[in-house]
file work.json (JSON, C-alpha atoms)
[["chain", "number", "residue", "atom", "x", "y", "z"],
["A", 1, "MET", "CA", 18.29, 2.48, -5.04],
["A", 2, "ILE", "CA", 15.95, 0.70, -2.63],
["A", 3, "THR", "CA", 16.31, -3.09, -2.48],
["A", 4, "MET", "CA", 14.74, -5.78, -0.31],
["A", 5, "GLN", "CA", 17.57, -5.26, 2.20],
["A", 6, "ASP", "CA", 16.18, -1.76, 2.89],
["A", 7, "ILE", "CA", 12.70, -3.07, 3.75],
["A", 8, "ILE", "CA", 12.23, -3.86, 7.42],
["A", 9, "ARG", "CA", 10.37, -7.05, 8.35],
["A", 10, "GLU", "CA", 7.55, -7.87, 10.74],
["A", 11, "GLY", "CA", 8.66, -7.66, 14.34],
["A", 12, "HIS", "CA", 10.52, -4.38, 13.76],
["A", 13, "PRO", "CA", 9.08, -1.74, 16.14],
["A", 14, "THR", "CA", 8.71, 0.96, 13.44],
["A", 15, "LEU", "CA", 6.02, -1.16, 11.75],
["A", 16, "ARG", "CA", 3.85, -0.79, 14.86],
["A", 17, "LYS", "CA", 4.28, 2.98, 15.31],
["A", 18, "ILE", "CA", 1.88, 5.66, 14.13],
["A", 19, "ALA", "CA", 3.86, 7.60, 11.52],
["A", 20, "GLU", "CA", 4.34, 11.37, 11.73],
["A", 21, "GLU", "CA", 2.65, 13.79, 9.34],
["A", 22, "VAL", "CA", 4.94, 15.09, 6.59],
["A", 23, "ALA", "CA", 5.67, 18.83, 6.91],
["A", 24, "LEU", "CA", 4.43, 21.06, 4.11],
["A", 25, "PRO", "CA", 5.79, 22.43, 1.88],
["A", 26, "LEU", "CA", 7.44, 19.12, 1.07],
["A", 27, "SER", "CA", 11.16, 18.92, 1.75],
["A", 28, "LYS", "CA", 13.66, 17.74, -0.85],
["A", 29, "GLU", "CA", 14.33, 14.76, 1.42],
["A", 30, "ASP", "CA", 10.66, 13.72, 1.53],
["A", 31, "LEU", "CA", 10.28, 14.17, -2.23],
["A", 32, "LYS", "CA", 13.39, 12.03, -2.79],
["A", 33, "THR", "CA", 12.05, 9.32, -0.46],
["A", 34, "GLY", "CA", 8.75, 9.23, -2.38],
["A", 35, "GLU", "CA", 10.49, 9.04, -5.77],
["A", 36, "GLU", "CA", 12.81, 6.26, -4.58],
["A", 37, "MET", "CA", 9.80, 4.31, -3.26],
["A", 38, "LEU", "CA", 8.03, 4.62, -6.62],
["A", 39, "THR", "CA", 11.23, 3.57, -8.43],
["A", 40, "PHE", "CA", 11.43, 0.48, -6.22],
["A", 41, "LEU", "CA", 7.86, -0.49, -7.25],
["A", 42, "ARG", "CA", 8.69, 0.06, -10.94],
["A", 43, "ASN", "CA", 11.84, -2.07, -10.61],
["A", 44, "SER", "CA", 9.98, -4.78, -8.67],
["A", 45, "GLN", "CA", 7.45, -5.11, -11.49],
["A", 46, "ASP", "CA", 10.12, -5.33, -14.20],
["A", 47, "PRO", "CA", 10.95, -9.05, -14.54],
["A", 48, "GLU", "CA", 14.61, -8.48, -15.53],
["A", 49, "LEU", "CA", 15.36, -5.91, -12.82],
["A", 50, "ALA", "CA", 13.42, -7.85, -10.19],
["A", 51, "GLU", "CA", 15.50, -10.95, -10.93],
["A", 52, "LYS", "CA", 18.80, -9.04, -11.14],
["A", 53, "TYR", "CA", 18.29, -7.27, -7.80],
["A", 54, "GLU", "CA", 16.23, -10.06, -6.14],
["A", 55, "LEU", "CA", 13.19, -7.84, -5.65],
["A", 56, "ARG", "CA", 9.78, -9.14, -4.65],
["A", 57, "GLY", "CA", 7.01, -7.65, -6.75],
["A", 58, "GLY", "CA", 4.97, -4.94, -5.09],
["A", 59, "VAL", "CA", 2.13, -2.55, -5.93],
["A", 60, "GLY", "CA", 2.47, -0.38, -2.84],
["A", 61, "LEU", "CA", 5.11, 0.69, -0.34],
["A", 62, "ALA", "CA", 4.86, 2.79, 2.82],
["A", 63, "ALA", "CA", 7.73, 4.81, 4.29],
["A", 64, "PRO", "CA", 7.56, 2.96, 7.64],
["A", 65, "GLN", "CA", 8.58, -0.19, 5.74],
["A", 66, "LEU", "CA", 11.89, 1.60, 5.10],
["A", 67, "ASP", "CA", 12.18, 2.46, 8.81],
["A", 68, "ILE", "CA", 11.07, 6.03, 8.02],
["A", 69, "SER", "CA", 8.16, 6.85, 10.32],
["A", 70, "LYS", "CA", 6.50, 9.39, 8.02],
["A", 71, "ARG", "CA", 3.09, 9.40, 6.32],
["A", 72, "ILE", "CA", 4.29, 8.68, 2.75],
["A", 73, "ILE", "CA", 3.01, 5.92, 0.49],
["A", 74, "ALA", "CA", 3.92, 5.02, -3.08],
["A", 75, "LEU", "CA", 1.52, 3.17, -5.38],
["A", 76, "LEU", "CA", 2.04, 1.51, -8.74],
["A", 77, "VAL", "CA", -1.01, -0.57, -9.63],
["A", 78, "PRO", "CA", -0.71, -2.02, -13.13],
["A", 79, "SER", "CA", -3.66, -2.15, -15.51],
["A", 80, "ASN", "CA", -5.16, -5.47, -16.54],
["A", 81, "ASP", "CA", -6.76, -3.82, -19.58],
["A", 82, "PRO", "CA", -4.68, -4.31, -22.76],
["A", 83, "GLU", "CA", -6.57, -1.34, -24.30],
["A", 84, "LYS", "CA", -5.31, 0.92, -21.46],
["A", 85, "PRO", "CA", -1.81, -0.30, -20.48],
["A", 86, "GLU", "CA", -1.05, 2.77, -18.30],
["A", 87, "PRO", "CA", -0.98, 1.96, -14.57],
["A", 88, "ILE", "CA", -4.25, 2.59, -12.72],
["A", 89, "LEU", "CA", -2.33, 4.21, -9.86],
["A", 90, "ASN", "CA", 1.16, 5.62, -10.31],
["A", 91, "THR", "CA", 1.73, 8.14, -7.57],
["A", 92, "VAL", "CA", 3.25, 9.10, -4.26],
["A", 93, "MET", "CA", 0.82, 10.26, -1.58],
["A", 94, "TYR", "CA", 1.94, 12.45, 1.32],
["A", 95, "ASN", "CA", -0.30, 12.51, 4.42],
["A", 96, "PRO", "CA", -3.03, 10.35, 2.82],
["A", 97, "LYS", "CA", -6.26, 10.33, 4.79],
["A", 98, "ILE", "CA", -9.46, 8.37, 4.15],
["A", 99, "ILE", "CA", -12.34, 10.84, 4.54],
["A", 100, "SER", "CA", -15.21, 8.49, 3.66],
["A", 101, "HIS", "CA", -15.83, 4.88, 2.75],
["A", 102, "SER", "CA", -18.56, 2.55, 1.56],
["A", 103, "VAL", "CA", -20.65, 0.35, 3.80],
["A", 104, "GLN", "CA", -19.88, -2.44, 1.31],
["A", 105, "ASP", "CA", -16.89, -4.51, 2.39],
["A", 106, "ALA", "CA", -14.56, -6.41, 0.09],
["A", 107, "CYS", "CA", -11.53, -8.67, 0.19],
["A", 108, "LEU", "CA", -9.13, -10.27, -2.28],
["A", 109, "SER", "CA", -9.82, -13.92, -3.06],
["A", 110, "ASP", "CA", -6.11, -14.76, -2.67],
["A", 111, "GLY", "CA", -5.69, -12.78, 0.54],
["A", 112, "GLU", "CA", -2.96, -10.16, 0.87],
["A", 113, "GLY", "CA", 0.81, -10.20, 1.01],
["A", 114, "CYS", "CA", 3.33, -7.65, 2.17],
["A", 115, "LEU", "CA", 6.95, -6.84, 1.37],
["A", 116, "SER", "CA", 7.60, -6.73, 5.12],
["A", 117, "VAL", "CA", 6.18, -10.22, 5.68],
["A", 118, "ASP", "CA", 8.29, -13.13, 4.44],
["A", 119, "ARG", "CA", 5.66, -15.79, 5.07],
["A", 120, "ASP", "CA", 2.32, -16.74, 3.60],
["A", 121, "VAL", "CA", -0.55, -15.67, 5.87],
["A", 122, "PRO", "CA", -3.76, -17.35, 4.71],
["A", 123, "GLY", "CA", -7.11, -15.70, 5.27],
["A", 124, "TYR", "CA", -9.43, -12.98, 4.05],
["A", 125, "VAL", "CA", -8.49, -9.37, 4.83],
["A", 126, "VAL", "CA", -11.82, -7.54, 4.86],
["A", 127, "ARG", "CA", -11.65, -3.85, 3.96],
["A", 128, "HIS", "CA", -13.96, -1.16, 2.54],
["A", 129, "ASP", "CA", -14.81, -1.66, -1.14],
["A", 130, "LYS", "CA", -14.81, 2.08, -1.91],
["A", 131, "ILE", "CA", -12.91, 4.91, -0.29],
["A", 132, "THR", "CA", -12.50, 8.64, -0.79],
["A", 133, "LEU", "CA", -9.19, 10.06, 0.35],
["A", 134, "THR", "CA", -7.23, 13.25, 0.40],
["A", 135, "TYR", "CA", -3.46, 13.54, 0.09],
["A", 136, "THR", "CA", -0.75, 15.94, -0.99],
["A", 137, "ASP", "CA", 0.93, 15.03, -4.28],
["A", 138, "SER", "CA", 4.61, 15.54, -5.13],
["A", 139, "GLU", "CA", 3.81, 19.01, -6.53],
["A", 140, "GLY", "CA", 2.50, 20.01, -3.09],
["A", 141, "ILE", "CA", -1.11, 20.11, -4.32],
["A", 142, "LEU", "CA", -3.93, 18.73, -2.16],
["A", 143, "GLN", "CA", -5.75, 16.00, -4.09],
["A", 144, "LYS", "CA", -9.03, 14.18, -3.51],
["A", 145, "LYS", "CA", -9.54, 10.76, -5.07],
["A", 146, "ARG", "CA", -12.21, 8.06, -5.09],
["A", 147, "LEU", "CA", -11.06, 4.47, -5.42],
["A", 148, "LYS", "CA", -12.84, 1.15, -5.49],
["A", 149, "ASN", "CA", -12.13, -2.58, -5.52],
["A", 150, "TYR", "CA", -8.47, -3.60, -5.83],
["A", 151, "GLU", "CA", -7.06, -0.05, -5.86],
["A", 152, "ALA", "CA", -9.03, 0.85, -2.70],
["A", 153, "ILE", "CA", -7.72, -2.28, -0.97],
["A", 154, "VAL", "CA", -4.09, -1.50, -1.92],
["A", 155, "VAL", "CA", -4.37, 2.05, -0.56],
["A", 156, "GLN", "CA", -5.99, 0.86, 2.69],
["A", 157, "HIS", "CA", -3.16, -1.69, 3.12],
["A", 158, "GLU", "CA", -0.55, 1.07, 2.76],
["A", 159, "ILE", "CA", -2.38, 3.55, 5.01],
["A", 160, "ASP", "CA", -2.56, 0.78, 7.64],
["A", 161, "HIS", "CA", 1.27, 0.79, 7.64],
["A", 162, "LEU", "CA", 1.15, 4.49, 8.55],
["A", 163, "ASN", "CA", -1.02, 3.58, 11.54],
["A", 164, "GLY", "CA", 1.07, 0.67, 12.81],
["A", 165, "VAL", "CA", -1.37, -1.95, 11.51],
["A", 166, "MET", "CA", -0.33, -5.09, 9.61],
["A", 167, "PHE", "CA", -2.67, -6.75, 7.09],
["A", 168, "TYR", "CA", -2.95, -9.93, 9.14],
["A", 169, "ASP", "CA", -4.40, -7.93, 12.05],
["A", 170, "HIS", "CA", -7.63, -7.91, 9.99],
["A", 171, "ILE", "CA", -7.77, -11.71, 9.56],
["A", 172, "ASN", "CA", -10.17, -13.61, 11.81],
["A", 173, "SER", "CA", -7.74, -15.79, 13.78],
["A", 174, "ASP", "CA", -10.42, -18.35, 14.71],
["A", 175, "SER", "CA", -11.75, -18.73, 11.18],
["A", 176, "PRO", "CA", -9.47, -17.06, 8.57],
["A", 177, "PHE", "CA", -11.76, -17.79, 5.61],
["A", 178, "ALA", "CA", -15.08, -16.94, 7.28],
["A", 179, "LEU", "CA", -16.91, -13.98, 5.75],
["A", 180, "LYS", "CA", -20.02, -12.11, 6.79],
["A", 181, "ASP", "CA", -22.86, -12.08, 4.27],
["A", 182, "GLY", "CA", -22.51, -9.51, 1.52],
["A", 183, "VAL", "CA", -18.72, -9.17, 1.50],
["A", 184, "LEU", "CA", -17.52, -8.77, -2.08],
["A", 185, "VAL", "CA", -14.71, -11.20, -2.95],
["A", 186, "ILE", "CA", -12.47, -9.71, -5.66],
["A", 187, "GLU", "CA", -10.70, -12.17, -7.96]]

call {"tool": "encode", "arguments": {"input": "work.json", "output": "structure tokens"}}
result
Amino acid sequence: MITMQDIIREGHPTLRKIAEEVALPLSKEDLKTGEEMLTFLRNSQDPELAEKYELRGGVGLAAPQLDISKRIIALLVPSNDPEKPEPILNTVMYNPKIISHSVQDACLSDGEGCLSVDRDVPGYVVRHDKITLTYTDSEGILQKKRLKNYEAIVVQHEIDHLNGVMFYDHINSDSPFALKDGVLVIE
């Protein structure tokens, strides 16, 4: 079981490397890594398990955060809609690749956090509001998905990890809360 002790922190060289593509067909090892990552996210969102194992809540996790330099991300984005309680995203993506994105930019009003960053980093992280990506799912099937708003931001954050980019690299260091006109701020 993955715990916070397994997650490497900022400053570790793996977080700045470009991760390797995952070989297809998927190996048992890569499938196991993906499933364990998704289980960590489930556990981190369960108040009792999170407290018991001292887990910080997360909606996404990238393999490089576990010191595994492979292009694997796990996503578990809960729904805010009581009518549809199923998670909006509940998947592992192998070799995810953004193939197109909107001109419209967006950011989260509260900024972003990261399981590999143990400090608060204030500022807006401007990303694309909509993305289209391809990835291989755990069945080995190539998928194409369109995402927008919060889900698109979460996926871009995780794909950044595969490219050696940290969320705070996107923050304007001179003026962390400055935004260009037209940037959508998501509550």

call {"tool": "closest_residue", "arguments": {"input": "work.json", "among": "A:Glu112, A:Glu54, A:Glu21, A:Asp30", "to": "Ala74 of chain A", "atoms": "all atoms listed in the file"}}
result
A:Asp30

call {"tool": "closest_residue", "arguments": {"input": "work.json", "among": "A:Ser102, A:Pro64, A:Thr91, A:Glu187", "to": "Gln143 of chain A", "atoms": "only C-alpha atoms"}}
result
A:Thr91

call {"tool": "residues_around", "arguments": {"input": "work.json", "residues": "Gln5 of chain A", "least_positions_apart": "5", "cutoff": "12 Å", "atoms": "only C-alpha atoms", "output": "CSV table (one decimal) with C-alpha atoms, in the coordinates of the input"}}
result
chain,number,residue,atom,x,y,z
A,40,PHE,CA,11.4,0.5,-6.2
A,53,TYR,CA,18.3,-7.3,-7.8
A,54,GLU,CA,16.2,-10.1,-6.1
A,55,LEU,CA,13.2,-7.8,-5.6
A,56,ARG,CA,9.8,-9.1,-4.6
A,65,GLN,CA,8.6,-0.2,5.7
A,66,LEU,CA,11.9,1.6,5.1
A,67,ASP,CA,12.2,2.5,8.8
A,115,LEU,CA,7.0,-6.8,1.4
A,116,SER,CA,7.6,-6.7,5.1

call {"tool": "atom_distance", "arguments": {"input": "work.json", "atom1": "atom CA of Asp169 of chain A", "atom2": "atom CA of Ser109 of chain A"}}
result
17.1 Å

call {"tool": "atom_distance", "arguments": {"input": "work.json", "atom1": "atom CA of Leu41 of chain A", "atom2": "atom CA of Arg146 of chain A"}}
result
21.9 Å

call {"tool": "atom_distance", "arguments": {"input": "work.json", "atom1": "atom CA of Ser44 of chain A", "atom2": "atom CA of Gly60 of chain A"}}
result
10.5 Å

call {"tool": "closest_residue", "arguments": {"input": "work.json", "among": "A:Tyr150, A:Tyr168, A:Ala19, A:Asp6", "to": "Asn80 of chain A", "atoms": "only C-alpha atoms"}}
result
A:Tyr150

call {"tool": "closest_atom_pairs", "arguments": {"input": "work.json", "of": "segment 78-176 of chain A", "to": "segment 33-39 of chain A", "cutoff": "12 Å", "atoms": "only C-alpha atoms", "output": "tab-separated table"}}
result
residue	atom	partner	partner_atom	distance
A:Leu89	CA	A:Leu38	CA	10.9
A:Asn90	CA	A:Leu38	CA	7.9
A:Thr91	CA	A:Leu38	CA	7.3
A:Val92	CA	A:Gly34	CA	5.8
A:Met93	CA	A:Gly34	CA	8.0
A:Tyr94	CA	A:Gly34	CA	8.4
A:Asn95	CA	A:Gly34	CA	11.8
A:Thr136	CA	A:Gly34	CA	11.7
A:Asp137	CA	A:Gly34	CA	9.9
A:Ser138	CA	A:Gly34	CA	8.0
A:Glu139	CA	A:Gly34	CA	11.7

call {"tool": "residues_around", "arguments": {"input": "work.json", "residues": "Val103 of chain A", "least_positions_apart": "5", "cutoff": "9 Å", "atoms": "only C-alpha atoms", "output": "JSON, numbers by chain"}}
result
{"A": [128, 129, 130]}

call {"tool": "write_last_selection", "arguments": {"input": "work.json", "atoms": "C-alpha atoms", "output": "PDB file, keeping the file's coordinate frame"}}
result
ATOM      1  CA  HIS A 128     -13.960  -1.160   2.540  1.00  0.00           C
ATOM      2  CA  ASP A 129     -14.810  -1.660  -1.140  1.00  0.00           C
ATOM      3  CA  LYS A 130     -14.810   2.080  -1.910  1.00  0.00           C
TER       4      LYS A 130
END

call {"tool": "build_atoms", "arguments": {"input": "work.json", "residues": "segment 17-41 of chain A", "atoms": "N, CA and C atoms", "output": "PDB file, keeping the file's coordinate frame"}}
result
ATOM      1  N   LYS A  17       4.415   1.583  14.882  1.00  0.00           N
ATOM      2  CA  LYS A  17       4.280   2.980  15.310  1.00  0.00           C
ATOM      3  C   LYS A  17       3.281   3.709  14.405  1.00  0.00           C
ATOM      4  N   ILE A  18       2.677   4.757  14.958  1.00  0.00           N
ATOM      5  CA  ILE A  18       1.880   5.660  14.130  1.00  0.00           C
ATOM      6  C   ILE A  18       2.851   6.672  13.535  1.00  0.00           C
ATOM      7  N   ALA A  19       2.893   6.734  12.209  1.00  0.00           N
ATOM      8  CA  ALA A  19       3.860   7.600  11.520  1.00  0.00           C
ATOM      9  C   ALA A  19       3.484   9.074  11.667  1.00  0.00           C
ATOM     10  N   GLU A  20       4.510   9.912  11.601  1.00  0.00           N
ATOM     11  CA  GLU A  20       4.340  11.370  11.730  1.00  0.00           C
ATOM     12  C   GLU A  20       3.850  11.965  10.404  1.00  0.00           C
ATOM     13  N   GLU A  21       3.061  13.031  10.527  1.00  0.00           N
ATOM     14  CA  GLU A  21       2.650  13.790   9.340  1.00  0.00           C
ATOM     15  C   GLU A  21       3.908  14.356   8.663  1.00  0.00           C
ATOM     16  N   VAL A  22       3.847  14.484   7.352  1.00  0.00           N
ATOM     17  CA  VAL A  22       4.940  15.090   6.590  1.00  0.00           C
ATOM     18  C   VAL A  22       4.717  16.605   6.597  1.00  0.00           C
ATOM     19  N   ALA A  23       5.765  17.364   6.894  1.00  0.00           N
ATOM     20  CA  ALA A  23       5.670  18.830   6.910  1.00  0.00           C
ATOM     21  C   ALA A  23       5.472  19.353   5.493  1.00  0.00           C
ATOM     22  N   LEU A  24       4.650  20.393   5.389  1.00  0.00           N
ATOM     23  CA  LEU A  24       4.430  21.060   4.110  1.00  0.00           C
ATOM     24  C   LEU A  24       4.980  22.477   4.218  1.00  0.00           C
ATOM     25  N   PRO A  25       5.550  23.073   3.179  1.00  0.00           N
ATOM     26  CA  PRO A  25       5.790  22.430   1.880  1.00  0.00           C
ATOM     27  C   PRO A  25       6.756  21.254   2.005  1.00  0.00           C
ATOM     28  N   LEU A  26       6.644  20.349   1.042  1.00  0.00           N
ATOM     29  CA  LEU A  26       7.440  19.120   1.070  1.00  0.00           C
ATOM     30  C   LEU A  26       8.933  19.431   0.972  1.00  0.00           C
ATOM     31  N   SER A  27       9.709  18.739   1.786  1.00  0.00           N
ATOM     32  CA  SER A  27      11.160  18.920   1.750  1.00  0.00           C
ATOM     33  C   SER A  27      11.749  18.107   0.598  1.00  0.00           C
ATOM     34  N   LYS A  28      12.955  18.494   0.192  1.00  0.00           N
ATOM     35  CA  LYS A  28      13.660  17.740  -0.850  1.00  0.00           C
ATOM     36  C   LYS A  28      13.842  16.290  -0.411  1.00  0.00           C
ATOM     37  N   GLU A  29      14.121  16.100   0.878  1.00  0.00           N
ATOM     38  CA  GLU A  29      14.330  14.760   1.420  1.00  0.00           C
ATOM     39  C   GLU A  29      13.064  13.898   1.280  1.00  0.00           C
ATOM     40  N   ASP A  30      11.906  14.478   1.632  1.00  0.00           N
ATOM     41  CA  ASP A  30      10.660  13.720   1.530  1.00  0.00           C
ATOM     42  C   ASP A  30      10.292  13.438   0.077  1.00  0.00           C
ATOM     43  N   LEU A  31      10.531  14.396  -0.804  1.00  0.00           N
ATOM     44  CA  LEU A  31      10.280  14.170  -2.230  1.00  0.00           C
ATOM     45  C   LEU A  31      11.175  13.055  -2.767  1.00  0.00           C
ATOM     46  N   LYS A  32      12.437  13.064  -2.354  1.00  0.00           N
ATOM     47  CA  LYS A  32      13.390  12.030  -2.790  1.00  0.00           C
ATOM     48  C   LYS A  32      12.958  10.660  -2.282  1.00  0.00           C
ATOM     49  N   THR A  33      12.531  10.587  -1.019  1.00  0.00           N
ATOM     50  CA  THR A  33      12.050   9.320  -0.460  1.00  0.00           C
ATOM     51  C   THR A  33      10.888   8.785  -1.290  1.00  0.00           C
ATOM     52  N   GLY A  34       9.921   9.652  -1.587  1.00  0.00           N
ATOM     53  CA  GLY A  34       8.750   9.230  -2.380  1.00  0.00           C
ATOM     54  C   GLY A  34       9.152   8.729  -3.755  1.00  0.00           C
ATOM     55  N   GLU A  35      10.056   9.448  -4.423  1.00  0.00           N
ATOM     56  CA  GLU A  35      10.490   9.040  -5.770  1.00  0.00           C
ATOM     57  C   GLU A  35      11.240   7.709  -5.722  1.00  0.00           C
ATOM     58  N   GLU A  36      12.079   7.531  -4.711  1.00  0.00           N
ATOM     59  CA  GLU A  36      12.810   6.260  -4.580  1.00  0.00           C
ATOM     60  C   GLU A  36      11.855   5.099  -4.311  1.00  0.00           C
ATOM     61  N   MET A  37      10.799   5.348  -3.533  1.00  0.00           N
ATOM     62  CA  MET A  37       9.800   4.310  -3.260  1.00  0.00           C
ATOM     63  C   MET A  37       9.082   3.906  -4.551  1.00  0.00           C
ATOM     64  N   LEU A  38       8.704   4.901  -5.351  1.00  0.00           N
ATOM     65  CA  LEU A  38       8.030   4.620  -6.620  1.00  0.00           C
ATOM     66  C   LEU A  38       8.970   3.886  -7.579  1.00  0.00           C
ATOM     67  N   THR A  39      10.231   4.261  -7.595  1.00  0.00           N
ATOM     68  CA  THR A  39      11.230   3.570  -8.430  1.00  0.00           C
ATOM     69  C   THR A  39      11.376   2.117  -8.002  1.00  0.00           C
ATOM     70  N   PHE A  40      11.370   1.859  -6.692  1.00  0.00           N
ATOM     71  CA  PHE A  40      11.430   0.480  -6.220  1.00  0.00           C
ATOM     72  C   PHE A  40      10.255  -0.326  -6.793  1.00  0.00           C
ATOM     73  N   LEU A  41       9.041   0.238  -6.738  1.00  0.00           N
ATOM     74  CA  LEU A  41       7.860  -0.490  -7.250  1.00  0.00           C
ATOM     75  C   LEU A  41       8.000  -0.762  -8.743  1.00  0.00           C
TER      76      LEU A  41
END
